[in-house]
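Structure file final_15.txt; described as compact mmCIF, C-alpha atoms.
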# COMPACT_ATOMS: atom_id res chain seq x y z
CA MET A 374 -6.53 16.57 -29.69
CA SER A 375 -6.26 14.19 -26.76
CA ASP A 376 -5.43 10.48 -26.90
CA ILE A 377 -8.35 8.71 -28.62
CA LEU A 378 -8.77 5.99 -25.98
CA GLY A 379 -7.19 7.76 -23.01
CA TRP A 380 -9.05 11.03 -23.43
CA ARG A 381 -9.65 11.36 -19.68
CA HIS A 382 -6.28 10.15 -18.42
CA LYS A 383 -3.28 8.03 -19.39
CA PHE A 384 -1.58 6.23 -16.51
CA GLY A 385 1.96 4.95 -16.78
CA VAL A 386 2.22 1.90 -14.51
CA ILE A 387 5.51 0.56 -13.14
CA THR A 388 5.50 -3.05 -11.92
CA PRO A 389 7.98 -5.94 -11.78
CA SER A 390 8.38 -8.13 -14.86
CA THR A 391 7.24 -11.13 -12.79
CA ASN A 392 3.94 -9.53 -11.82
CA THR A 393 0.89 -11.00 -13.59
CA ILE A 394 -1.82 -9.43 -11.41
CA VAL A 395 -1.40 -5.64 -11.51
CA GLN A 396 -2.10 -5.27 -15.23
CA PRO A 397 -5.35 -7.31 -15.37
CA GLU A 398 -6.67 -6.00 -12.05
CA TYR A 399 -6.03 -2.37 -13.02
CA ASP A 400 -7.64 -2.96 -16.41
CA ASP A 401 -10.67 -4.55 -14.74
CA MET A 402 -11.15 -1.31 -12.77
CA ARG A 403 -10.39 1.03 -15.67
CA PRO A 404 -13.21 3.47 -16.50
CA THR A 405 -14.03 4.48 -20.06
CA GLY A 406 -11.60 7.12 -21.30
CA VAL A 407 -8.78 5.99 -19.00
CA THR A 408 -5.87 3.85 -20.20
CA ASN A 409 -3.09 1.99 -18.39
CA HIS A 410 0.36 1.64 -19.91
CA ILE A 411 2.65 -0.92 -18.28
CA SER A 412 6.41 -0.72 -17.95
CA ARG A 413 8.26 -3.64 -16.39
CA MET A 414 11.02 -3.56 -13.79
CA HIS A 415 13.20 -6.41 -15.04
CA ILE A 416 13.88 -9.08 -12.41
CA LEU A 417 14.26 -12.85 -12.49
CA ASP A 418 11.83 -15.35 -11.01
CA ASN A 419 14.35 -16.67 -8.53
CA SER A 420 13.39 -18.92 -5.63
CA ILE A 421 12.66 -17.27 -2.30
CA ASN A 422 13.48 -19.62 0.55
CA ASN A 423 14.40 -17.27 3.38
CA ASN A 424 14.72 -13.67 4.53
CA ASN A 425 18.00 -13.13 2.69
CA ASP A 426 16.44 -14.22 -0.60
CA PHE A 427 13.58 -11.81 -0.08
CA GLU A 428 15.83 -8.87 0.74
CA LYS A 429 17.83 -9.62 -2.41
CA LEU A 430 14.58 -9.54 -4.40
CA ILE A 431 13.69 -6.11 -3.00
CA PHE A 432 17.17 -4.83 -3.92
CA GLU A 433 16.78 -6.12 -7.49
CA ILE A 434 13.36 -4.50 -7.85
CA ASP A 435 14.65 -1.21 -6.50
CA SER A 436 17.62 -1.27 -8.87
CA ALA A 437 15.29 -1.67 -11.84
CA LEU A 438 13.04 1.29 -10.97
CA GLU A 439 14.66 4.08 -12.96
CA ASN A 440 14.91 2.13 -16.23
CA ALA A 441 11.22 1.23 -16.07
CA VAL A 442 10.26 4.85 -15.50
CA GLU A 443 12.41 5.98 -18.41
CA ARG A 444 10.60 3.54 -20.69
CA VAL A 445 7.06 4.40 -19.66
CA ILE A 446 7.44 8.17 -19.97
CA THR A 447 8.03 7.77 -23.71
CA CYS A 448 4.27 7.16 -24.14
CA LEU A 449 3.66 10.56 -22.49
CA PRO A 450 1.49 9.43 -19.58
CA ASP A 451 -0.40 12.05 -17.60
CA SER A 452 0.76 10.53 -14.30
CA ILE A 453 2.49 7.42 -12.98
CA ILE A 454 1.38 4.61 -10.67
CA LEU A 455 3.90 2.44 -8.85
CA GLY A 456 2.36 -1.03 -8.99
CA ILE A 457 4.38 -2.66 -6.22
CA SER A 458 3.68 -2.13 -2.54
CA ALA A 459 6.89 -3.31 -0.86
CA GLU A 460 8.97 -0.79 -2.83
CA SER A 461 6.80 2.02 -1.48
CA ILE A 462 7.57 1.40 2.23
CA TRP A 463 10.78 -0.65 2.39
CA GLY A 464 13.51 0.82 4.56
CA GLY A 465 11.71 3.55 6.45
CA GLY A 466 7.93 3.88 6.33
CA LEU A 467 6.71 7.21 4.99
CA ASP A 468 10.26 8.53 4.63
CA ALA A 469 11.02 5.67 2.26
CA ALA A 470 7.77 6.33 0.42
CA SER A 471 8.69 9.97 -0.10
CA LYS A 472 12.14 9.06 -1.44
CA VAL A 473 10.72 6.59 -3.97
CA LYS A 474 8.19 9.15 -5.20
CA ASN A 475 10.92 11.75 -5.60
CA ARG A 476 13.08 9.35 -7.62
CA ILE A 477 10.21 8.71 -10.03
CA LYS A 478 9.18 12.36 -10.15
CA LYS A 479 12.70 13.46 -11.04
CA ILE A 480 12.93 11.11 -14.03
CA SER A 481 9.37 11.74 -15.19
CA GLY A 482 9.73 15.50 -15.33
CA GLY A 483 7.59 16.22 -12.27
CA LYS A 484 4.54 14.11 -13.02
CA ASP A 485 2.18 13.14 -10.21
CA ILE A 486 3.13 9.79 -8.66
CA PHE A 487 0.71 7.42 -6.94
CA ILE A 488 2.00 4.74 -4.58
CA ALA A 489 0.56 2.18 -2.19
CA ALA A 490 1.87 3.89 0.95
CA ASP A 491 -0.22 7.00 0.32
CA ALA A 492 -3.20 5.05 -0.98
CA LEU A 493 -3.52 2.66 1.96
CA ALA A 494 -3.36 5.48 4.50
CA LEU A 495 -6.09 7.38 2.67
CA ALA A 496 -8.22 4.25 2.32
CA LEU A 497 -8.14 3.58 6.07
CA LYS A 498 -9.25 7.15 6.69
CA LYS A 499 -12.10 6.85 4.20
CA TYR A 500 -13.33 3.76 6.00
CA LYS A 501 -12.93 5.62 9.34
CA VAL A 502 -11.04 2.68 10.81
CA LYS A 503 -10.45 3.17 14.54
CA GLY A 504 -9.34 -0.25 15.80
CA LYS A 505 -6.41 -2.50 15.06
CA VAL A 506 -5.53 -3.53 11.52
CA GLY A 507 -4.55 -7.01 10.34
CA LEU A 508 -2.10 -7.47 7.46
CA ILE A 509 -1.88 -10.26 4.88
CA THR A 510 1.24 -10.36 2.70
CA PRO A 511 3.06 -12.81 0.39
CA TYR A 512 6.37 -11.74 1.97
CA MET A 513 8.96 -13.35 4.21
CA PRO A 514 9.05 -12.40 7.93
CA VAL A 515 11.87 -9.89 7.34
CA ALA A 516 9.19 -7.56 5.97
CA GLU A 517 7.53 -7.25 9.36
CA LYS A 518 9.73 -4.45 10.72
CA HIS A 519 9.18 -2.39 7.57
CA LEU A 520 5.42 -2.91 7.67
CA LYS A 521 5.30 -2.07 11.38
CA ARG A 522 7.20 1.16 10.79
CA PHE A 523 4.79 2.13 8.04
CA MET A 524 1.71 1.38 10.13
CA ASP A 525 3.16 3.35 13.05
CA ASP A 526 3.85 6.29 10.74
CA ILE A 527 0.26 6.43 9.52
CA GLY A 528 -1.13 6.08 13.04
CA TYR A 529 -2.55 2.55 13.17
CA ASN A 530 -1.88 -0.34 15.50
CA VAL A 531 -1.43 -3.81 14.02
CA SER A 532 -3.37 -6.70 15.52
CA SER A 533 -1.33 -9.30 13.65
CA MET A 534 0.45 -9.96 10.35
CA ILE A 535 0.39 -13.18 8.37
CA HIS A 536 3.04 -13.72 5.70
CA LEU A 537 2.31 -16.37 3.07
CA GLN A 538 6.04 -16.71 2.34
CA CYS A 539 5.51 -17.42 -1.36
CA SER A 540 8.43 -19.29 -2.88
CA SER A 541 9.03 -17.08 -5.94
CA PRO A 542 7.78 -13.74 -7.32
CA VAL A 543 5.63 -15.39 -10.02
CA LEU A 544 4.15 -17.93 -7.60
CA ILE A 545 2.62 -15.14 -5.52
CA ALA A 546 -0.06 -14.94 -8.21
CA HIS A 547 -0.76 -18.66 -7.82
CA THR A 548 -2.01 -18.29 -4.24
CA SER A 549 -5.43 -19.90 -3.97
CA LEU A 550 -8.49 -17.98 -2.82
CA LYS A 551 -9.02 -20.77 -0.29
CA ASP A 552 -5.66 -19.98 1.31
CA ILE A 553 -6.40 -16.26 1.28
CA LYS A 554 -9.79 -16.86 2.89
CA LEU A 555 -8.22 -18.90 5.69
CA VAL A 556 -5.74 -16.11 6.41
CA LEU A 557 -8.44 -13.43 6.46
CA SER A 558 -10.47 -15.47 8.95
CA GLU A 559 -7.40 -15.92 11.15
CA LEU A 560 -6.66 -12.19 11.10
CA VAL A 561 -10.20 -11.45 12.28
CA SER A 562 -9.89 -14.04 15.05
CA GLU A 563 -6.72 -12.26 16.17
CA GLY A 564 -8.51 -8.94 16.60
CA ALA A 565 -8.47 -7.15 13.24
CA SER A 566 -11.15 -4.50 12.80
CA ALA A 567 -9.93 -3.96 9.23
CA ILE A 568 -7.55 -5.85 6.93
CA ILE A 569 -4.92 -4.56 4.52
CA GLN A 570 -3.40 -6.71 1.81
CA PHE A 571 0.17 -5.98 0.80
CA GLY A 572 1.78 -7.57 -2.27
CA ALA A 573 0.55 -6.29 -5.62
CA ASN A 574 0.96 -9.72 -7.24
CA LEU A 575 -1.45 -11.32 -4.77
CA PRO A 576 -4.87 -11.64 -6.52
CA MET A 577 -7.30 -9.91 -4.17
CA ALA A 578 -9.04 -7.04 -6.00
CA LYS A 579 -12.33 -8.85 -6.64
CA PHE A 580 -12.03 -11.16 -3.65
CA SER A 581 -11.83 -8.17 -1.31
CA ASP A 582 -15.40 -7.30 -2.29
CA LEU A 583 -16.64 -10.76 -1.31
CA ALA A 584 -14.57 -10.73 1.87
CA GLU A 585 -16.08 -7.44 3.02
CA LYS A 586 -19.58 -8.86 2.70
CA TRP A 587 -18.64 -12.04 4.51
CA LEU A 588 -16.46 -10.58 7.29
CA GLU A 589 -18.39 -7.29 7.63
CA ILE A 590 -15.20 -5.25 8.06
CA PRO A 591 -13.08 -3.26 5.59
CA VAL A 592 -10.84 -5.50 3.46
CA ILE A 593 -8.49 -3.31 1.45
CA SER A 594 -6.75 -4.76 -1.59
CA VAL A 595 -3.55 -2.87 -2.33
CA ASN A 596 -4.27 -2.73 -6.07
CA VAL A 597 -7.78 -1.42 -5.50
CA ALA A 598 -6.52 1.21 -3.06
CA THR A 599 -3.67 2.37 -5.30
CA TYR A 600 -5.79 2.59 -8.44
CA TRP A 601 -8.64 4.25 -6.51
CA HIS A 602 -6.19 6.85 -5.17
CA ALA A 603 -4.88 7.55 -8.67
CA LEU A 604 -8.38 7.92 -10.11
CA ARG A 605 -9.78 10.13 -7.37
CA SER A 606 -6.68 12.35 -7.33
CA ASN A 607 -7.40 13.09 -10.98
CA GLU A 608 -11.10 13.85 -10.35
CA ILE A 609 -12.20 10.59 -11.95
CA ASN A 610 -15.03 9.69 -9.61
CA ASP A 611 -16.68 6.75 -11.36
CA GLN A 612 -18.14 4.39 -8.79
CA ILE A 613 -17.09 0.91 -9.84
CA THR A 614 -18.75 -2.18 -8.40
CA GLY A 615 -17.16 -5.54 -7.61
CA PHE A 616 -13.99 -4.31 -5.89
CA GLY A 617 -15.18 -3.40 -2.41
CA LYS A 618 -16.74 -0.33 -0.86
CA LEU A 619 -13.67 1.80 -1.48
CA MET A 620 -14.14 1.86 -5.24
CA GLU A 621 -17.93 1.71 -5.11
CA LYS A 622 -18.79 4.22 -2.39
CA PHE A 623 -15.89 6.63 -1.90
Take the structure in the file and write it out as structure tokens.
Amino acid sequence: MSDILGWRHKFGVITPSTNTIVQPEYDDMRPTGVTNHISRMHILDNSINNNNDFEKLIFEIDSALENAVERVITCLPDSIILGISAESIWGGGLDAASKVKNRIKKISGGKDIFIAADALALALKKYKVKGKVGLITPYMPVAEKHLKRFMDDIGYNVSSMIHLQCSSPVLIAHTSLKDIKLVLSELVSEGASAIIQFGANLPMAKFSDLAEKWLEIPVISVNVATYWHALRSNEINDQITGFGKLMEKF
């Protein structure tokens, strides 16, 4: 007998302890018969005032990865989603992404692993994006070289990047939709033919749907892309409205 509520699939989800957006956004997109089971990478909500603070945060998140995976596999998930985008590309683009997946796969006993780096590349292909891509992130500027390496690796040119420079991990989730809207408009004015959002604690899953209608270009929320990739890879093809064309049409 399969799990009573997760009879189609049980996802283990790894995300930082400070993240308050991944869990509700994933659950909002969850089809019937699919369940999400969250394990937290323990970090503190320390202030982020500069590049050094942000790099320290990434180190702390990375150091907490294995323990979070060990906890979530005790519920016997069918596969695992990494609900943090910076961890998936930090330090070397697709090479870094592959190393993170292998670390999780080793601990989980070989389960399938779904990460933002793979999901965003696939999403851009689904949208058939040809022009330059704009990036919105909650990060500090030190992230730019890592993001540029990733975008180069997947074959896309960046028109511009705007970093919100949020002052703590928790406060990323407090970013107003007004501020996000202003950034999206600026990215378009700087030549973006599509927009990617990095930062899984930035609340953009539902707003990306509105932004696509208003801007008339692809606006890809990292949580939508990652969860979409996990669903479709497991032949769960429910078309879910309210989260952009990616989840509704592809």
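Counting all atoms listed in the file, the residue from A:Thr447, A:Ser532, A:Ser471, A:Ser412 that sits nearest to Glu559 (chain A) is A:Ser532.
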(message) Between A:Leu417, A:Pro450, A:Thr614, A:Ala437, which residue has the minimum interatomic distance to Ser375 (chain A), considering all atoms listed in the file?
(response)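 Of the candidates, the smallest distance to Ser375 (chain A) is held by A:Pro450.
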Might I get the box with edges along x, y and z of the file that holds all atoms of region 566-583 of chain A listed there, padded by 6 Å on every side, given as centre and edge lengths in Å to one decimal, as AutoDock Vina command-line options?
--center_x -7.4 --center_y -7.8 --center_z 2.8 --size_x 30.4 --size_y 19.7 --size_z 32.0
(message) List the spatial neighbours of Gly572 (chain A) as JSON, numbers by chain - criterion: any atom at most 7 Å away, all atoms listed in the file, same-chain residues fewer than 6 positions off excluded.
(response) {"A": [457, 458, 459, 510, 511]}
(message) Is it possible to get the residues within 10 Å of (-8.1, 2.0, -15.1) (coordinates as in the file, counting all atoms listed in the file) written as a PyMOL selection string?
(response) chain A and resi 379+382-384+396-410+600-601+603-604
(request) Have a look at CA of Leu455 (chain A) and CA of Lys586 (chain A) and let me know their distance in Å, one decimal. (result)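 Between CA of Leu455 (chain A) and CA of Lys586 (chain A) the gap is 28.5 Å.
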